[in-house]
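Printed here is structure35.cif (mmCIF, C-alpha atoms):
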```cif
data_coords
#
loop_
_atom_site.group_PDB
_atom_site.id
_atom_site.type_symbol
_atom_site.label_atom_id
_atom_site.label_comp_id
_atom_site.auth_asym_id
_atom_site.auth_seq_id
_atom_site.Cartn_x
_atom_site.Cartn_y
_atom_site.Cartn_z
ATOM 1 C CA MET A 223 29.385 -21.424 -106.693
ATOM 2 C CA THR A 224 31.683 -21.585 -103.675
ATOM 3 C CA ARG A 225 30.888 -23.820 -100.717
ATOM 4 C CA ILE A 226 31.302 -21.873 -97.504
ATOM 5 C CA ALA A 227 31.148 -23.185 -93.950
ATOM 6 C CA PHE A 228 29.847 -20.561 -91.522
ATOM 7 C CA ILE A 229 30.323 -21.257 -87.812
ATOM 8 C CA GLY A 230 28.567 -18.951 -85.336
ATOM 9 C CA LEU A 231 25.160 -17.535 -86.249
ATOM 10 C CA GLY A 232 24.476 -14.965 -83.532
ATOM 11 C CA ASN A 233 23.356 -11.372 -84.033
ATOM 12 C CA MET A 234 26.239 -10.729 -86.407
ATOM 13 C CA GLY A 235 26.957 -14.127 -87.914
ATOM 14 C CA GLY A 236 23.369 -14.831 -88.894
ATOM 15 C CA GLY A 237 23.128 -11.813 -91.188
ATOM 16 C CA MET A 238 26.598 -12.397 -92.587
ATOM 17 C CA ALA A 239 25.849 -16.016 -93.467
ATOM 18 C CA ALA A 240 22.568 -14.969 -95.082
ATOM 19 C CA ASN A 241 24.394 -12.513 -97.332
ATOM 20 C CA GLN A 242 26.771 -15.227 -98.482
ATOM 21 C CA ALA A 243 23.761 -17.356 -99.407
ATOM 22 C CA LYS A 244 22.167 -14.402 -101.233
ATOM 23 C CA ALA A 245 25.365 -14.059 -103.255
ATOM 24 C CA GLY A 246 24.785 -17.557 -104.627
ATOM 25 C CA HIS A 247 27.182 -19.505 -102.457
ATOM 26 C CA GLU A 248 26.304 -22.825 -100.854
ATOM 27 C CA VAL A 249 26.537 -22.100 -97.127
ATOM 28 C CA ALA A 250 26.823 -24.958 -94.651
ATOM 29 C CA ALA A 251 25.945 -23.299 -91.350
ATOM 30 C CA PHE A 252 26.362 -24.384 -87.749
ATOM 31 C CA ASP A 253 25.531 -22.910 -84.365
ATOM 32 C CA LEU A 254 24.851 -24.399 -80.956
ATOM 33 C CA SER A 255 21.558 -22.484 -80.918
ATOM 34 C CA LYS A 256 18.809 -24.381 -82.694
ATOM 35 C CA ALA A 257 16.824 -21.169 -83.210
ATOM 36 C CA ALA A 258 19.794 -19.427 -84.827
ATOM 37 C CA LEU A 259 20.382 -22.406 -87.097
ATOM 38 C CA GLU A 260 16.743 -22.503 -88.143
ATOM 39 C CA LYS A 261 16.840 -18.790 -88.956
ATOM 40 C CA ALA A 262 19.914 -19.337 -91.122
ATOM 41 C CA VAL A 263 18.183 -22.146 -92.979
ATOM 42 C CA GLY A 264 15.254 -19.818 -93.615
ATOM 43 C CA ALA A 265 17.744 -17.365 -95.151
ATOM 44 C CA GLY A 266 19.048 -19.934 -97.625
ATOM 45 C CA CYS A 267 21.775 -21.743 -95.692
ATOM 46 C CA VAL A 268 22.036 -25.516 -95.205
ATOM 47 C CA ALA A 269 22.157 -26.802 -91.638
ATOM 48 C CA ALA A 270 25.158 -28.833 -90.521
ATOM 49 C CA GLY A 271 25.125 -31.121 -87.503
ATOM 50 C CA SER A 272 28.468 -29.876 -86.196
ATOM 51 C CA ALA A 273 31.280 -27.505 -87.035
ATOM 52 C CA ALA A 274 33.357 -30.464 -88.190
ATOM 53 C CA GLU A 275 30.594 -31.549 -90.580
ATOM 54 C CA ALA A 276 30.175 -28.037 -91.943
ATOM 55 C CA VAL A 277 33.835 -27.602 -92.898
ATOM 56 C CA LYS A 278 34.511 -31.002 -94.485
ATOM 57 C CA ASN A 279 33.868 -30.030 -98.102
ATOM 58 C CA ALA A 280 34.097 -26.259 -97.798
ATOM 59 C CA ASP A 281 36.263 -24.076 -100.012
ATOM 60 C CA ALA A 282 36.234 -21.419 -97.297
ATOM 61 C CA VAL A 283 35.409 -21.326 -93.589
ATOM 62 C CA ILE A 284 34.125 -18.243 -91.755
ATOM 63 C CA THR A 285 33.855 -18.137 -87.973
ATOM 64 C CA MET A 286 32.048 -15.571 -85.800
ATOM 65 C CA LEU A 287 32.467 -16.630 -82.173
ATOM 66 C CA PRO A 288 32.188 -14.970 -78.741
ATOM 67 C CA ALA A 289 35.762 -14.947 -77.426
ATOM 68 C CA GLY A 290 39.351 -16.065 -77.889
ATOM 69 C CA GLN A 291 38.955 -19.368 -76.071
ATOM 70 C CA HIS A 292 36.098 -20.359 -78.364
ATOM 71 C CA VAL A 293 38.087 -19.504 -81.483
ATOM 72 C CA ARG A 294 41.128 -21.432 -80.259
ATOM 73 C CA ALA A 295 39.031 -24.502 -79.423
ATOM 74 C CA VAL A 296 36.948 -24.584 -82.605
ATOM 75 C CA TYR A 297 39.973 -24.233 -84.865
ATOM 76 C CA ALA A 298 42.047 -26.806 -82.980
ATOM 77 C CA ASP A 299 39.320 -29.397 -82.448
ATOM 78 C CA GLU A 300 36.893 -28.957 -85.346
ATOM 79 C CA ILE A 301 38.294 -26.989 -88.252
ATOM 80 C CA ILE A 302 41.960 -27.902 -88.681
ATOM 81 C CA PRO A 303 41.396 -31.692 -88.425
ATOM 82 C CA ASN A 304 38.438 -31.656 -90.846
ATOM 83 C CA ALA A 305 38.835 -28.827 -93.377
ATOM 84 C CA LYS A 306 39.910 -29.808 -96.866
ATOM 85 C CA ARG A 307 43.369 -28.908 -98.057
ATOM 86 C CA GLY A 308 43.560 -25.478 -99.643
ATOM 87 C CA ALA A 309 40.526 -24.047 -97.834
ATOM 88 C CA LEU A 310 40.667 -20.381 -96.916
ATOM 89 C CA LEU A 311 39.971 -19.804 -93.197
ATOM 90 C CA LEU A 312 38.593 -16.490 -91.962
ATOM 91 C CA ASP A 313 37.842 -15.526 -88.361
ATOM 92 C CA CYS A 314 35.556 -12.494 -87.980
ATOM 93 C CA SER A 315 35.245 -12.689 -84.185
ATOM 94 C CA THR A 316 36.505 -9.845 -82.018
ATOM 95 C CA ILE A 317 39.131 -11.442 -79.783
ATOM 96 C CA ASP A 318 42.480 -10.646 -78.187
ATOM 97 C CA VAL A 319 45.459 -10.133 -80.486
ATOM 98 C CA GLU A 320 47.424 -12.925 -78.789
ATOM 99 C CA SER A 321 44.720 -15.517 -79.546
ATOM 100 C CA ALA A 322 44.425 -14.336 -83.159
ATOM 101 C CA ARG A 323 48.157 -14.740 -83.709
ATOM 102 C CA ALA A 324 48.241 -18.108 -81.945
ATOM 103 C CA VAL A 325 45.451 -19.459 -84.154
ATOM 104 C CA ALA A 326 47.121 -18.019 -87.258
ATOM 105 C CA LYS A 327 50.356 -19.809 -86.383
ATOM 106 C CA GLN A 328 48.583 -23.097 -85.757
ATOM 107 C CA VAL A 329 46.538 -22.833 -88.950
ATOM 108 C CA SER A 330 49.536 -21.833 -91.062
ATOM 109 C CA GLU A 331 51.590 -24.739 -89.729
ATOM 110 C CA ALA A 332 48.731 -27.040 -90.783
ATOM 111 C CA GLY A 333 48.979 -25.687 -94.338
ATOM 112 C CA PHE A 334 45.961 -23.380 -94.496
ATOM 113 C CA ARG A 335 45.621 -19.725 -95.436
ATOM 114 C CA PHE A 336 44.144 -17.649 -92.626
ATOM 115 C CA ALA A 337 42.976 -14.119 -91.853
ATOM 116 C CA ASP A 338 41.642 -12.394 -88.761
ATOM 117 C CA ALA A 339 38.960 -9.998 -90.000
ATOM 118 C CA PRO A 340 36.859 -8.422 -87.242
ATOM 119 C CA VAL A 341 34.037 -6.145 -88.312
ATOM 120 C CA SER A 342 32.428 -2.801 -87.583
ATOM 121 C CA GLY A 343 28.862 -1.853 -88.423
ATOM 122 C CA GLY A 344 26.659 -3.672 -85.927
ATOM 123 C CA GLN A 345 23.725 -5.966 -86.502
ATOM 124 C CA ALA A 346 22.166 -3.629 -89.057
ATOM 125 C CA GLY A 347 25.371 -3.687 -91.095
ATOM 126 C CA ALA A 348 25.574 -7.477 -90.849
ATOM 127 C CA GLU A 349 22.050 -7.836 -92.192
ATOM 128 C CA ALA A 350 22.500 -5.233 -94.934
ATOM 129 C CA GLY A 351 25.900 -6.507 -96.061
ATOM 130 C CA THR A 352 27.527 -3.152 -95.283
ATOM 131 C CA LEU A 353 30.114 -4.071 -92.660
ATOM 132 C CA ALA A 354 33.637 -2.670 -92.527
ATOM 133 C CA PHE A 355 36.283 -5.399 -92.257
ATOM 134 C CA MET A 356 39.733 -4.897 -90.705
ATOM 135 C CA VAL A 357 41.909 -7.677 -92.070
ATOM 136 C CA GLY A 358 45.084 -9.202 -90.713
ATOM 137 C CA CYS A 359 46.642 -11.619 -93.202
ATOM 138 C CA ALA A 360 49.610 -12.327 -95.439
ATOM 139 C CA GLU A 361 49.705 -9.807 -98.272
ATOM 140 C CA ALA A 362 49.622 -12.617 -100.844
ATOM 141 C CA ASP A 363 46.314 -13.892 -99.415
ATOM 142 C CA PHE A 364 44.477 -10.568 -99.326
ATOM 143 C CA ALA A 365 42.897 -10.783 -102.790
ATOM 144 C CA ALA A 366 41.285 -14.127 -101.930
ATOM 145 C CA VAL A 367 40.165 -12.825 -98.532
ATOM 146 C CA GLU A 368 38.699 -9.703 -100.122
ATOM 147 C CA ALA A 369 36.711 -11.780 -102.616
ATOM 148 C CA LEU A 370 35.326 -13.971 -99.823
ATOM 149 C CA ILE A 371 34.320 -10.968 -97.710
ATOM 150 C CA GLY A 372 32.747 -9.060 -100.604
ATOM 151 C CA PRO A 373 29.060 -10.066 -100.152
ATOM 152 C CA MET A 374 29.158 -8.951 -96.506
ATOM 153 C CA ALA A 375 30.989 -5.647 -96.820
ATOM 154 C CA ARG A 376 31.019 -1.979 -97.759
ATOM 155 C CA ALA A 377 34.698 -1.561 -96.863
ATOM 156 C CA ILE A 378 37.582 -4.043 -96.653
ATOM 157 C CA ILE A 379 40.957 -2.819 -95.418
ATOM 158 C CA ARG A 380 44.110 -4.842 -94.867
ATOM 159 C CA ALA A 381 45.499 -3.624 -91.541
ATOM 160 C CA GLY A 382 48.667 -5.700 -91.763
ATOM 161 C CA ASP A 383 49.807 -9.219 -90.972
ATOM 162 C CA HIS A 384 48.055 -11.706 -88.673
ATOM 163 C CA GLY A 385 46.672 -10.037 -85.554
ATOM 164 C CA ALA A 386 46.602 -6.566 -87.092
ATOM 165 C CA GLY A 387 42.879 -6.821 -87.792
ATOM 166 C CA GLN A 388 42.179 -7.413 -84.112
ATOM 167 C CA ALA A 389 44.507 -4.582 -83.116
ATOM 168 C CA ALA A 390 42.647 -2.207 -85.433
ATOM 169 C CA LYS A 391 39.261 -3.325 -84.121
ATOM 170 C CA ILE A 392 39.979 -2.817 -80.431
ATOM 171 C CA CYS A 393 41.629 0.567 -81.066
ATOM 172 C CA ASN A 394 38.682 1.665 -83.217
ATOM 173 C CA ASN A 395 36.140 0.599 -80.612
ATOM 174 C CA MET A 396 38.047 2.307 -77.830
ATOM 175 C CA VAL A 397 37.626 5.539 -79.817
ATOM 176 C CA LEU A 398 33.945 4.740 -80.354
ATOM 177 C CA GLY A 399 33.271 3.961 -76.692
ATOM 178 C CA ALA A 400 34.967 7.121 -75.459
ATOM 179 C CA THR A 401 33.384 9.449 -78.029
ATOM 180 C CA MET A 402 29.924 8.044 -77.344
ATOM 181 C CA ILE A 403 30.352 8.782 -73.643
ATOM 182 C CA ALA A 404 31.439 12.353 -74.417
ATOM 183 C CA THR A 405 28.473 12.765 -76.769
ATOM 184 C CA CYS A 406 26.039 11.470 -74.139
ATOM 185 C CA GLU A 407 27.507 13.720 -71.445
ATOM 186 C CA ALA A 408 27.053 16.717 -73.768
ATOM 187 C CA PHE A 409 23.398 15.894 -74.453
ATOM 188 C CA ALA A 410 22.720 15.438 -70.732
ATOM 189 C CA LEU A 411 24.410 18.759 -69.965
ATOM 190 C CA ALA A 412 22.527 20.546 -72.758
ATOM 191 C CA GLU A 413 19.265 19.287 -71.292
ATOM 192 C CA LYS A 414 20.195 20.524 -67.803
ATOM 193 C CA LEU A 415 21.119 23.929 -69.220
ATOM 194 C CA GLY A 416 17.755 24.278 -70.927
ATOM 195 C CA LEU A 417 19.094 23.823 -74.465
ATOM 196 C CA GLU A 418 16.775 21.755 -76.628
ATOM 197 C CA PRO A 419 18.572 18.507 -77.551
ATOM 198 C CA GLU A 420 17.444 18.779 -81.178
ATOM 199 C CA ARG A 421 18.898 22.288 -81.373
ATOM 200 C CA PHE A 422 22.134 21.102 -79.778
ATOM 201 C CA PHE A 423 22.335 18.321 -82.371
ATOM 202 C CA GLU A 424 21.835 20.803 -85.199
ATOM 203 C CA ILE A 425 24.622 23.023 -83.883
ATOM 204 C CA ALA A 426 27.142 20.329 -82.889
ATOM 205 C CA SER A 427 26.648 18.379 -86.115
ATOM 206 C CA LYS A 428 27.826 21.446 -88.039
ATOM 207 C CA SER A 429 30.570 22.411 -85.581
ATOM 208 C CA SER A 430 33.769 21.006 -84.118
ATOM 209 C CA GLY A 431 31.795 18.622 -81.886
ATOM 210 C CA GLN A 432 30.746 16.561 -84.895
ATOM 211 C CA SER A 433 31.538 12.831 -84.719
ATOM 212 C CA TRP A 434 30.175 9.500 -85.927
ATOM 213 C CA SER A 435 28.624 8.970 -82.494
ATOM 214 C CA LEU A 436 26.669 12.193 -82.951
ATOM 215 C CA THR A 437 25.615 12.287 -86.600
ATOM 216 C CA SER A 438 25.394 8.603 -87.543
ATOM 217 C CA TYR A 439 24.372 7.036 -84.224
ATOM 218 C CA CYS A 440 22.848 9.846 -82.212
ATOM 219 C CA PRO A 441 22.084 8.682 -78.643
ATOM 220 C CA TRP A 442 19.192 11.145 -78.329
ATOM 221 C CA PRO A 443 15.982 9.950 -80.030
ATOM 222 C CA GLY A 444 14.857 11.885 -83.073
ATOM 223 C CA PRO A 445 17.718 13.473 -85.011
ATOM 224 C CA VAL A 446 18.973 10.231 -86.644
ATOM 225 C CA PRO A 447 15.943 8.030 -87.394
ATOM 226 C CA ALA A 448 17.991 4.854 -87.990
ATOM 227 C CA ALA A 449 19.788 5.059 -84.623
ATOM 228 C CA PRO A 450 18.869 2.544 -81.873
ATOM 229 C CA SER A 451 17.853 5.469 -79.645
ATOM 230 C CA ASN A 452 14.610 5.533 -81.645
ATOM 231 C CA ARG A 453 13.898 1.871 -80.838
ATOM 232 C CA GLY A 454 14.268 1.992 -77.066
ATOM 233 C CA TYR A 455 17.962 1.223 -77.583
ATOM 234 C CA GLU A 456 17.134 -2.274 -78.786
ATOM 235 C CA GLY A 457 19.291 -3.960 -81.434
ATOM 236 C CA GLY A 458 22.436 -2.223 -82.544
ATOM 237 C CA PHE A 459 25.602 -2.908 -80.536
ATOM 238 C CA ALA A 460 24.928 -4.142 -77.019
ATOM 239 C CA THR A 461 26.573 -2.499 -74.023
ATOM 240 C CA ALA A 462 27.924 -5.905 -72.989
ATOM 241 C CA MET A 463 29.708 -6.209 -76.333
ATOM 242 C CA MET A 464 31.186 -2.714 -76.082
ATOM 243 C CA LEU A 465 32.387 -3.567 -72.582
ATOM 244 C CA LYS A 466 34.014 -6.740 -73.937
ATOM 245 C CA ASP A 467 35.896 -4.730 -76.577
ATOM 246 C CA LEU A 468 37.010 -2.099 -74.087
ATOM 247 C CA LYS A 469 38.322 -4.826 -71.782
ATOM 248 C CA LEU A 470 40.284 -6.277 -74.706
ATOM 249 C CA ALA A 471 41.744 -2.838 -75.389
ATOM 250 C CA GLN A 472 42.792 -2.403 -71.764
ATOM 251 C CA GLU A 473 44.352 -5.862 -71.656
ATOM 252 C CA ALA A 474 46.289 -5.097 -74.824
ATOM 253 C CA ALA A 475 47.351 -1.709 -73.468
ATOM 254 C CA ALA A 476 48.644 -3.296 -70.267
ATOM 255 C CA LYS A 477 50.696 -5.858 -72.206
ATOM 256 C CA ALA A 478 52.069 -3.208 -74.576
ATOM 257 C CA GLY A 479 52.800 -0.678 -71.839
ATOM 258 C CA ALA A 480 50.531 1.913 -73.453
ATOM 259 C CA ALA A 481 48.771 4.678 -71.519
ATOM 260 C CA THR A 482 45.040 4.752 -72.275
ATOM 261 C CA PRO A 483 43.395 6.706 -69.420
ATOM 262 C CA LEU A 484 40.266 7.665 -71.383
ATOM 263 C CA GLY A 485 39.867 4.074 -72.561
ATOM 264 C CA ALA A 486 40.129 2.901 -68.957
ATOM 265 C CA GLN A 487 37.524 5.436 -67.846
ATOM 266 C CA ALA A 488 35.196 4.370 -70.656
ATOM 267 C CA GLU A 489 35.559 0.735 -69.592
ATOM 268 C CA GLY A 490 34.681 1.658 -66.012
ATOM 269 C CA LEU A 491 31.561 3.571 -67.015
ATOM 270 C CA TYR A 492 30.288 0.828 -69.302
ATOM 271 C CA ALA A 493 31.015 -1.736 -66.581
ATOM 272 C CA LEU A 494 28.865 0.311 -64.196
ATOM 273 C CA PHE A 495 26.051 0.602 -66.736
ATOM 274 C CA ASP A 496 26.258 -3.142 -67.380
ATOM 275 C CA ARG A 497 26.068 -3.936 -63.640
ATOM 276 C CA LEU A 498 22.998 -1.716 -63.359
ATOM 277 C CA GLY A 499 21.254 -3.870 -65.972
ATOM 278 C CA GLY A 500 22.126 -2.040 -69.183
ATOM 279 C CA GLY A 501 24.085 -4.900 -70.746
ATOM 280 C CA PRO A 502 21.448 -5.904 -73.336
ATOM 281 C CA LYS A 503 20.742 -2.301 -74.386
ATOM 282 C CA ASP A 504 22.602 -0.575 -77.199
ATOM 283 C CA PHE A 505 25.752 1.080 -75.884
ATOM 284 C CA SER A 506 24.393 4.554 -76.692
ATOM 285 C CA ALA A 507 21.808 3.986 -73.936
ATOM 286 C CA ILE A 508 24.508 5.052 -71.479
ATOM 287 C CA LEU A 509 23.022 8.511 -72.117
ATOM 288 C CA GLU A 510 20.331 7.554 -69.600
ATOM 289 C CA LEU A 511 22.974 7.008 -66.909
ATOM 290 C CA PHE A 512 24.047 10.627 -67.236
ATOM 291 C CA ARG A 513 20.421 11.747 -67.202
ATOM 292 C CA GLY A 514 19.973 9.945 -63.861
ATOM 293 C CA HIS A 515 17.819 7.106 -65.166
ATOM 294 C CA ALA A 516 18.331 3.429 -64.372
ATOM 295 C CA PRO A 517 18.324 0.973 -67.323
ATOM 296 C CA ALA A 518 14.928 -0.355 -66.166
ATOM 297 C CA GLN A 519 13.471 3.109 -66.703
ATOM 298 C CA ILE A 520 14.453 3.238 -70.383
ATOM 299 C CA PRO A 521 11.303 2.917 -72.503
ATOM 300 C CA SER A 522 11.305 0.063 -75.002
#
```
Full structure transcribed into structure tokens:
Amino acid sequence: MTRIAFIGLGNMGGGMAANQAKAGHEVAAFDLSKAALEKAVGAGCVAAGSAAEAVKNADAVITMLPAGQHVRAVYADEIIPNAKRGALLLDCSTIDVESARAVAKQVSEAGFRFADAPVSGGQAGAEAGTLAFMVGCAEADFAAVEALIGPMARAIIRAGDHGAGQAAKICNNMVLGATMIATCEAFALAEKLGLEPERFFEIASKSSGQSWSLTSYCPWPGPVPAAPSNRGYEGGFATAMMLKDLKLAQEAAAKAGAATPLGAQAEGLYALFDRLGGGPKDFSAILELFRGHAPAQIPS
């Protein structure tokens, strides 16, 4: 049995921590939300009173936090001063590349092994243990990182050295955000042209318009039963989170001098949908924007 400290038990972290407990590990869990902590305890984790308490005797530490400033602060103030020597530290948050590399440098200088390993797969993947992990770490540490991630994953890929995991994640989600918008525009146009959406799905899914956004996460209710579109766009990957990732991509593009006009347009459209009240809805709900419906009109 490995003792794992898990810090951050939100929509993603809660399911991930539960899967570590199911794998037989002793999981010391902490979150500022009492409800999230109680849910983790119900899934087999042990509650810790603070992040510092959770990491004290842990062989490995996993963090899943909202943004770069939170990751920087928790590692500097709670984890590095209290983790035991030799512990493997893994950050699964989606943050800016600069913060990931800064934390990696600080952690490495303190004598710990570290990896940035953001995920893809949404809340359903976190709960099912079928996430895809994009790992940035030293090549020599990858085997240990892979073993730690195993109970939470269906795919684990080393993207490169520290920061590469975050780079892969924001590039991947820029593709996802843009293709979902194109898919939603096509469904809205098909409807206006009198083409049945189900028939359009059947045709596009077998033609050059096929994409993950269409066949695995269809924004139109019906064709893909597991998609959030069949649950009033509840659960899944919130618009606010997609907007966060697109902002990270645009910030990275600006620093790197890269041209990403479609990524910028996608950010603008999701920002509009968020301002209209669509932030809590799954990002595929942006279909309703193109159909002329306000987020409040989306049936739950």
With only C-alpha atoms as the counted atoms, please give the residues lying no more than 9 Å from Tyr492 in chain A, apart from itself and same-chain residues fewer than 4 positions off, as a JSON list (two decimals) with C-alpha atoms, keeping the file's coordinate frame.
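This went into part.json:
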```json
[["chain", "number", "residue", "atom", "x", "y", "z"],
["A", 399, "GLY", "CA", 33.27, 3.96, -76.69],
["A", 461, "THR", "CA", 26.57, -2.50, -74.02],
["A", 462, "ALA", "CA", 27.92, -5.90, -72.99],
["A", 464, "MET", "CA", 31.19, -2.71, -76.08],
["A", 465, "LEU", "CA", 32.39, -3.57, -72.58],
["A", 468, "LEU", "CA", 37.01, -2.10, -74.09],
["A", 487, "GLN", "CA", 37.52, 5.44, -67.85],
["A", 488, "ALA", "CA", 35.20, 4.37, -70.66],
["A", 496, "ASP", "CA", 26.26, -3.14, -67.38],
["A", 497, "ARG", "CA", 26.07, -3.94, -63.64],
["A", 500, "GLY", "CA", 22.13, -2.04, -69.18],
["A", 501, "GLY", "CA", 24.08, -4.90, -70.75],
["A", 505, "PHE", "CA", 25.75, 1.08, -75.88],
["A", 508, "ILE", "CA", 24.51, 5.05, -71.48]]
```
I'd like the contact shell of range 445-457 of chain A - 8 Å cut-off, all atoms listed in the file, skipping same-chain residues fewer than 5 positions apart - returned as an MDAnalysis selection string. chainID A and resid 345 420 423 437:440 502:507 520:522
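The space separating CA of Leu509 in chain A from CA of Ala377 in chain A comes to 29.2 Å.
Atom pair CA of Ala493 in chain A / CA of Ala475 in chain A: separated by 17.7 Å.
Here the question is which of A:Arg513, A:Lys327, A:Arg225, A:Lys244 gets nearest to Ile284 in chain A using only C-alpha atoms, and that residue is A:Arg225.
Shortest separation to Lys466 in chain A among A:Leu398, A:Ala309, A:Ile392, A:Ala412 occurs at residue A:Ile392, atoms counted being only C-alpha atoms.
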